[in-house]
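Worksheet for the structure shown next.
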Amino acid sequence: MSYQSVVRRYLPLAAVVAVQLWIIVVVPSKAPSVLTANSGGLTTGTNQLDPAGAGGATSSAGPNGGASGPLGGPVQPGGATSAKGAVGGQLGAGGATGGGVNDARDVTHCSGNREFSPSIDYYAPPCTPGPIGATNFQNGGATYAGVTATTITIVHYISNYGAELNTVLQAEGLYLSYQRGQQLDQAWQKFINSHYVLWGRQLRIITYQGQCQSTPPDLPCLESEMNSIVSTYHPYAVMWDTPLCSACFHTLASNGVVAFGGQGFSDAFASANAPYVYSYTESSTQIQKAFASWYCSQMLGPVAFAPNRNPAQNFRGQKRVLGVISSNDPDNKNTVNDVLLPALRRCGVDVSHTYFYDQNINNGVQEVQAGIAAMDTSSNPATDVLCLCDAVTPQFLFQGEEQHNYWPENLFADVQALTYDSSAQNYDGSAACAIPSLGCEFDDAIGLSAFSPQEPQNNNAGVRTFHLGGGGTDPTSGVTTNELWQNFEMITSLIENTGPNLTPRRMAAAASSMGTIGGGATGHYGVSFLPGGFSWTQDCEVVYWDPKRSSSYNGSSGTFVPIEGTRFLPGQFPTMTQPPVPATRT
């Protein structure tokens, strides 16, 4: 397949990549009532639905009495920090009105120190004493918009990508239809309501089919649609699993609605829209800090992993020269310039090769050419190229590198599904590799992944909870199913942890009391909310791509292999001459 035909084939999906960060810092037409970003820093506002001081926020101990600290604290053998105390002590006269399912001290639903068995979901939250399925629990009633005495309303927004892009997404294993979304939501609603302490309330998930063009985003239409969702359904939260339209998340936050599901947003964006924007993935800020820490600790030696396929430009053994490719949206570009590059300079790495590509899909071919030209300069070319990318952009980049006979060390720091096996398997196929039998650009790739090795596509936590909630046939995409479930799992754990008096500010104040699950040498990514933080995943692991090893996810050739035995926070990477990648791989 020619390079031009590949570009034409994937151009619709490239629109997702192209526009996703251009709109990171877009201010709506009316002044928001939450924290907003401006040139002079952060400005504090007050949302009238949840004013600071009106009832206040829960203490840092949270309704569970507190679990041991943020990531890096003690982890119990079951994988979660244990909860202490009982919620009933905080309910006072407004506590439970009866025994059994309405007993605020009830722990009969728990599995050891967890809310339900970790065999169902490794990230089952700590055991919370309280009622499941209560019907007359005195919880304060309508504590916030979207919250009543009996229900908590969440809207699940499903994108309107159009027939052409949906076909591409199906090939990538990332497509979700409205009908499938309804099936998942109904099953998960049943599972959540029968496994989480929601203080006498039932979670109500409304599946919503987006009506606006999302690729490229029709911002006026989308922002108007977000406002319409708020005024029509009055939800407590809206979930949209996407790297697109941070302006949409900002619009929801401006309405005082919790927005979750966004990927690749920075800590600055989350803070500017606090306490309303959450992500289960690691933030772009955190992963870039981790990359700088790793590179300074393990990648200061000579080039070792560049494919040796161009004798006229063999980088192996040369001093490393790092280049960075990312998009030119304000938030992403600022994060690279203000977080990544200064952190690298601390260990003497001065990045002189950068390229921030334009998101205009009509210039897709030209952008690839210009990006490679910025890396492969006539003098002192970049021997290493860091792609801060989602799952699709590498297909363009690696195809372009091969066409230019440019074979650097390809590096990654992933928080947007690049290191899903099912994504990267495409980088060794015709979409990104002209002659796979001769070797592909991605064959020798190495870097950081925020994701653990994937469970089998038909037996991951999303699929298991779907079945336990009464779901029928297996979901069509294990990646999408598990990713969606992780979002619902995060928000439900936050709601449960907040206690009966549910508001976004109370939820944010109590979030860090959830403690830590996973991380370290557990083989699972570590989740916790740091005080003032809004990203659940905190750590990453060093991995390399093995194009020949079978994937635990789908059994096909190609998988990411962890190589250092544990997961790391920034600053924790051991010092070594080179990462311990097996020599036989290259």
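We name chains A, B, ... following the order of the structure tokens; residues begin at 1 in each chain, and ligands are numbered from 1 as shown.
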Just want the 12 Å neighbourhood of Thr537 in chain A, counted on only C-alpha atoms, with same-chain residues fewer than 3 positions away dropped. Output as JSON, numbers by chain.
{"A": [70, 71, 123, 263, 264, 278, 279, 280, 281, 282, 283, 284, 286, 287, 415, 449, 450, 451, 452, 486, 487, 490, 516, 517, 518, 519, 524, 525, 526, 527, 528, 529, 530, 533, 534, 540, 541, 567, 568, 569]}
Give me, as a PyMOL selection string, the residues of range 396-570 of chain A that a backbone DSSP run labels alpha helix (DSSP H).
chain A and resi 396-403+421-424+461-468+478-498+504-510
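For range 260-448 of chain A, the set of residues given strand (DSSP E) by DSSP on the backbone reads Phe260, Gly261, Gly262, Val277, Tyr278, Leu322, Gly323, Val324, Ile325, Ser326, Ser327, His353, Thr354, Tyr355, Phe356, Tyr357, Asp384, Val385, Leu386, Cys387, Glu409, Asn410, Leu411, Phe412, Ala413, Asp414, Ile446, Gly447 and Leu448 of chain A.
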Put those residues in a file: N, CA, C and O atoms, as an mmCIF file, in the first residue's frame.
```cif
data_model
loop_
_atom_site.group_PDB
_atom_site.id
_atom_site.type_symbol
_atom_site.label_atom_id
_atom_site.label_comp_id
_atom_site.auth_asym_id
_atom_site.auth_seq_id
_atom_site.Cartn_x
_atom_site.Cartn_y
_atom_site.Cartn_z
ATOM 1 N N PHE A 260 -16.256 13.556 32.890
ATOM 2 C CA PHE A 260 -15.175 12.581 32.961
ATOM 3 C C PHE A 260 -15.130 11.767 31.683
ATOM 4 O O PHE A 260 -16.083 11.722 30.917
ATOM 5 N N GLY A 261 -13.987 11.129 31.431
ATOM 6 C CA GLY A 261 -13.789 10.351 30.212
ATOM 7 C C GLY A 261 -12.766 10.951 29.275
ATOM 8 O O GLY A 261 -12.311 10.288 28.351
ATOM 9 N N GLY A 262 -12.378 12.217 29.473
ATOM 10 C CA GLY A 262 -11.392 12.845 28.601
ATOM 11 C C GLY A 262 -10.011 12.250 28.789
ATOM 12 O O GLY A 262 -9.628 11.865 29.892
ATOM 13 N N VAL A 277 -13.636 18.155 36.410
ATOM 14 C CA VAL A 277 -13.089 17.366 35.303
ATOM 15 C C VAL A 277 -12.163 16.284 35.856
ATOM 16 O O VAL A 277 -11.172 16.587 36.522
ATOM 17 N N TYR A 278 -12.485 15.014 35.557
ATOM 18 C CA TYR A 278 -11.708 13.868 36.032
ATOM 19 C C TYR A 278 -11.290 12.992 34.854
ATOM 20 O O TYR A 278 -11.951 12.957 33.816
ATOM 21 N N LEU A 322 17.735 14.066 21.088
ATOM 22 C CA LEU A 322 16.297 13.840 21.233
ATOM 23 C C LEU A 322 15.489 14.880 20.469
ATOM 24 O O LEU A 322 15.766 16.078 20.520
ATOM 25 N N GLY A 323 14.466 14.401 19.756
ATOM 26 C CA GLY A 323 13.480 15.257 19.118
ATOM 27 C C GLY A 323 12.094 14.925 19.640
ATOM 28 O O GLY A 323 11.835 13.800 20.070
ATOM 29 N N VAL A 324 11.188 15.904 19.630
ATOM 30 C CA VAL A 324 9.835 15.730 20.161
ATOM 31 C C VAL A 324 8.827 16.174 19.118
ATOM 32 O O VAL A 324 8.932 17.280 18.564
ATOM 33 N N ILE A 325 7.855 15.320 18.854
ATOM 34 C CA ILE A 325 6.757 15.642 17.940
ATOM 35 C C ILE A 325 5.449 15.614 18.715
ATOM 36 O O ILE A 325 5.158 14.653 19.432
ATOM 37 N N SER A 326 4.670 16.675 18.574
ATOM 38 C CA SER A 326 3.360 16.752 19.212
ATOM 39 C C SER A 326 2.522 17.758 18.437
ATOM 40 O O SER A 326 2.989 18.344 17.454
ATOM 41 N N SER A 327 1.286 17.960 18.875
ATOM 42 C CA SER A 327 0.411 18.893 18.165
ATOM 43 C C SER A 327 0.628 20.316 18.668
ATOM 44 O O SER A 327 1.218 20.544 19.723
ATOM 45 N N HIS A 353 15.261 19.818 18.541
ATOM 46 C CA HIS A 353 14.397 19.331 17.469
ATOM 47 C C HIS A 353 12.977 19.170 18.024
ATOM 48 O O HIS A 353 12.713 18.233 18.793
ATOM 49 N N THR A 354 12.106 20.067 17.687
ATOM 50 C CA THR A 354 10.694 19.945 18.057
ATOM 51 C C THR A 354 9.840 20.237 16.840
ATOM 52 O O THR A 354 10.224 21.025 15.960
ATOM 53 N N TYR A 355 8.685 19.613 16.796
ATOM 54 C CA TYR A 355 7.723 19.928 15.742
ATOM 55 C C TYR A 355 6.321 19.801 16.308
ATOM 56 O O TYR A 355 5.949 18.748 16.843
ATOM 57 N N PHE A 356 5.567 20.880 16.229
ATOM 58 C CA PHE A 356 4.188 20.915 16.685
ATOM 59 C C PHE A 356 3.299 21.052 15.446
ATOM 60 O O PHE A 356 3.215 22.121 14.845
ATOM 61 N N TYR A 357 2.700 19.948 15.079
ATOM 62 C CA TYR A 357 2.012 19.904 13.790
ATOM 63 C C TYR A 357 0.649 20.598 13.833
ATOM 64 O O TYR A 357 -0.027 20.632 14.856
ATOM 65 N N ASP A 384 16.726 10.161 18.228
ATOM 66 C CA ASP A 384 15.587 9.647 18.991
ATOM 67 C C ASP A 384 14.395 10.565 18.752
ATOM 68 O O ASP A 384 14.527 11.790 18.835
ATOM 69 N N VAL A 385 13.237 9.988 18.470
ATOM 70 C CA VAL A 385 12.026 10.767 18.238
ATOM 71 C C VAL A 385 10.970 10.323 19.245
ATOM 72 O O VAL A 385 10.545 9.167 19.260
ATOM 73 N N LEU A 386 10.566 11.255 20.099
ATOM 74 C CA LEU A 386 9.495 11.008 21.061
ATOM 75 C C LEU A 386 8.180 11.447 20.443
ATOM 76 O O LEU A 386 8.006 12.623 20.102
ATOM 77 N N CYS A 387 7.268 10.518 20.302
ATOM 78 C CA CYS A 387 5.941 10.818 19.774
ATOM 79 C C CYS A 387 4.959 10.866 20.944
ATOM 80 O O CYS A 387 4.633 9.837 21.537
ATOM 81 N N GLU A 409 15.695 5.925 16.925
ATOM 82 C CA GLU A 409 15.039 5.249 18.040
ATOM 83 C C GLU A 409 13.668 5.908 18.229
ATOM 84 O O GLU A 409 13.573 7.111 18.471
ATOM 85 N N ASN A 410 12.605 5.129 18.080
ATOM 86 C CA ASN A 410 11.258 5.660 18.268
ATOM 87 C C ASN A 410 10.828 5.429 19.716
ATOM 88 O O ASN A 410 10.792 4.295 20.205
ATOM 89 N N LEU A 411 10.518 6.535 20.406
ATOM 90 C CA LEU A 411 10.172 6.515 21.817
ATOM 91 C C LEU A 411 8.735 6.978 21.996
ATOM 92 O O LEU A 411 8.167 7.660 21.137
ATOM 93 N N PHE A 412 8.149 6.629 23.126
ATOM 94 C CA PHE A 412 6.777 7.032 23.407
ATOM 95 C C PHE A 412 6.594 7.231 24.902
ATOM 96 O O PHE A 412 7.321 6.675 25.727
ATOM 97 N N ALA A 413 5.629 8.064 25.238
ATOM 98 C CA ALA A 413 5.189 8.262 26.615
ATOM 99 C C ALA A 413 3.675 8.337 26.533
ATOM 100 O O ALA A 413 3.105 9.390 26.239
ATOM 101 N N ASP A 414 3.010 7.234 26.788
ATOM 102 C CA ASP A 414 1.621 7.058 26.350
ATOM 103 C C ASP A 414 0.599 7.194 27.459
ATOM 104 O O ASP A 414 0.703 6.532 28.496
ATOM 105 N N ILE A 446 10.590 1.770 22.177
ATOM 106 C CA ILE A 446 10.697 1.612 23.621
ATOM 107 C C ILE A 446 10.186 2.888 24.276
ATOM 108 O O ILE A 446 10.216 3.967 23.681
ATOM 109 N N GLY A 447 9.690 2.766 25.497
ATOM 110 C CA GLY A 447 9.222 3.960 26.191
ATOM 111 C C GLY A 447 8.389 3.640 27.403
ATOM 112 O O GLY A 447 8.563 2.585 28.036
ATOM 113 N N LEU A 448 7.466 4.544 27.730
ATOM 114 C CA LEU A 448 6.663 4.441 28.944
ATOM 115 C C LEU A 448 5.204 4.220 28.591
ATOM 116 O O LEU A 448 4.650 4.886 27.717
#
```
Nearest to Asp421 in chain A, restricted to only C-alpha atoms and choosing among A:Ser556, A:Thr143, A:Thr575, A:Thr492, comes out as A:Ser556
Leaving out Gly472 in chain A and any residue of its chain fewer than 2 positions from it, which residues lie within 12 Å of it when counting only C-alpha atoms, given as number ranges by chain?
A: 180, 183-184, 186-187, 463-470, 474-476
Just-selected residues, N, CA and C atoms written as an mmCIF file, in the first residue's frame:
```cif
data_model
loop_
_atom_site.group_PDB
_atom_site.id
_atom_site.type_symbol
_atom_site.label_atom_id
_atom_site.label_comp_id
_atom_site.auth_asym_id
_atom_site.auth_seq_id
_atom_site.Cartn_x
_atom_site.Cartn_y
_atom_site.Cartn_z
ATOM 1 N N ARG A 180 -24.909 -0.537 21.190
ATOM 2 C CA ARG A 180 -24.003 -1.258 22.070
ATOM 3 C C ARG A 180 -23.792 -0.478 23.367
ATOM 4 N N GLN A 183 -26.577 -1.244 25.703
ATOM 5 C CA GLN A 183 -26.435 -2.561 26.337
ATOM 6 C C GLN A 183 -25.424 -2.521 27.475
ATOM 7 N N LEU A 184 -24.291 -1.892 27.218
ATOM 8 C CA LEU A 184 -23.271 -1.782 28.260
ATOM 9 C C LEU A 184 -23.790 -0.988 29.450
ATOM 10 N N GLN A 186 -26.846 -0.367 30.483
ATOM 11 C CA GLN A 186 -27.904 -1.034 31.252
ATOM 12 C C GLN A 186 -27.319 -2.101 32.166
ATOM 13 N N ALA A 187 -26.353 -2.879 31.632
ATOM 14 C CA ALA A 187 -25.740 -3.933 32.450
ATOM 15 C C ALA A 187 -24.908 -3.332 33.574
ATOM 16 N N VAL A 463 -15.782 -6.661 30.611
ATOM 17 C CA VAL A 463 -16.620 -7.766 30.142
ATOM 18 C C VAL A 463 -17.228 -8.520 31.319
ATOM 19 N N ARG A 464 -16.424 -8.759 32.373
ATOM 20 C CA ARG A 464 -16.948 -9.512 33.522
ATOM 21 C C ARG A 464 -18.084 -8.765 34.217
ATOM 22 N N THR A 465 -17.907 -7.466 34.434
ATOM 23 C CA THR A 465 -18.977 -6.707 35.090
ATOM 24 C C THR A 465 -20.189 -6.586 34.176
ATOM 25 N N PHE A 466 -19.966 -6.524 32.872
ATOM 26 C CA PHE A 466 -21.068 -6.503 31.910
ATOM 27 C C PHE A 466 -21.912 -7.767 32.045
ATOM 28 N N HIS A 467 -21.261 -8.915 32.117
ATOM 29 C CA HIS A 467 -21.997 -10.177 32.259
ATOM 30 C C HIS A 467 -22.695 -10.273 33.612
ATOM 31 N N LEU A 468 -22.011 -9.876 34.670
ATOM 32 C CA LEU A 468 -22.620 -9.945 36.003
ATOM 33 C C LEU A 468 -23.795 -8.990 36.139
ATOM 34 N N GLY A 469 -23.834 -7.969 35.288
ATOM 35 C CA GLY A 469 -24.965 -7.061 35.266
ATOM 36 C C GLY A 469 -26.072 -7.505 34.340
ATOM 37 N N GLY A 470 -25.973 -8.716 33.835
ATOM 38 C CA GLY A 470 -27.033 -9.251 32.976
ATOM 39 C C GLY A 470 -26.820 -9.042 31.503
ATOM 40 N N ASP A 474 -20.878 -11.153 24.128
ATOM 41 C CA ASP A 474 -19.666 -10.417 24.453
ATOM 42 C C ASP A 474 -19.617 -9.107 23.689
ATOM 43 N N PRO A 475 -19.102 -8.063 24.309
ATOM 44 C CA PRO A 475 -18.950 -6.786 23.610
ATOM 45 C C PRO A 475 -18.086 -6.948 22.361
ATOM 46 N N THR A 476 -18.347 -6.125 21.372
ATOM 47 C CA THR A 476 -17.629 -6.240 20.109
ATOM 48 C C THR A 476 -16.189 -5.780 20.210
#
```
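Take CA of Pro570 in chain A and CA of Val479 in chain A: the distance between them is 26.9 Å.
Using only C-alpha atoms, the smallest distance between any of A:Leu222, A:Val542, A:Ala306, A:Ala274 and Leu244 in chain A comes from A:Leu222.
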Compare A:Gln182, A:Gln366, A:Asn332, A:Gln318 by their minimum atom-to-atom distance to Asn380 in chain A, counting only C-alpha atoms, and give me the closest one.
A:Gln318
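Across the structure, CA of Trp294 in chain A and CA of Ala391 in chain A are spaced 21.9 Å apart.
Among the candidates A:Ile120, A:Ile563, A:Ile152, A:Leu388, the one nearest to Trp199 in chain A when counting only C-alpha atoms is A:Ile152.
Closest to Pro275 in chain A among A:Pro394, A:Gly532, A:Gly555, A:Gly112 is A:Gly532, based on only C-alpha atoms.
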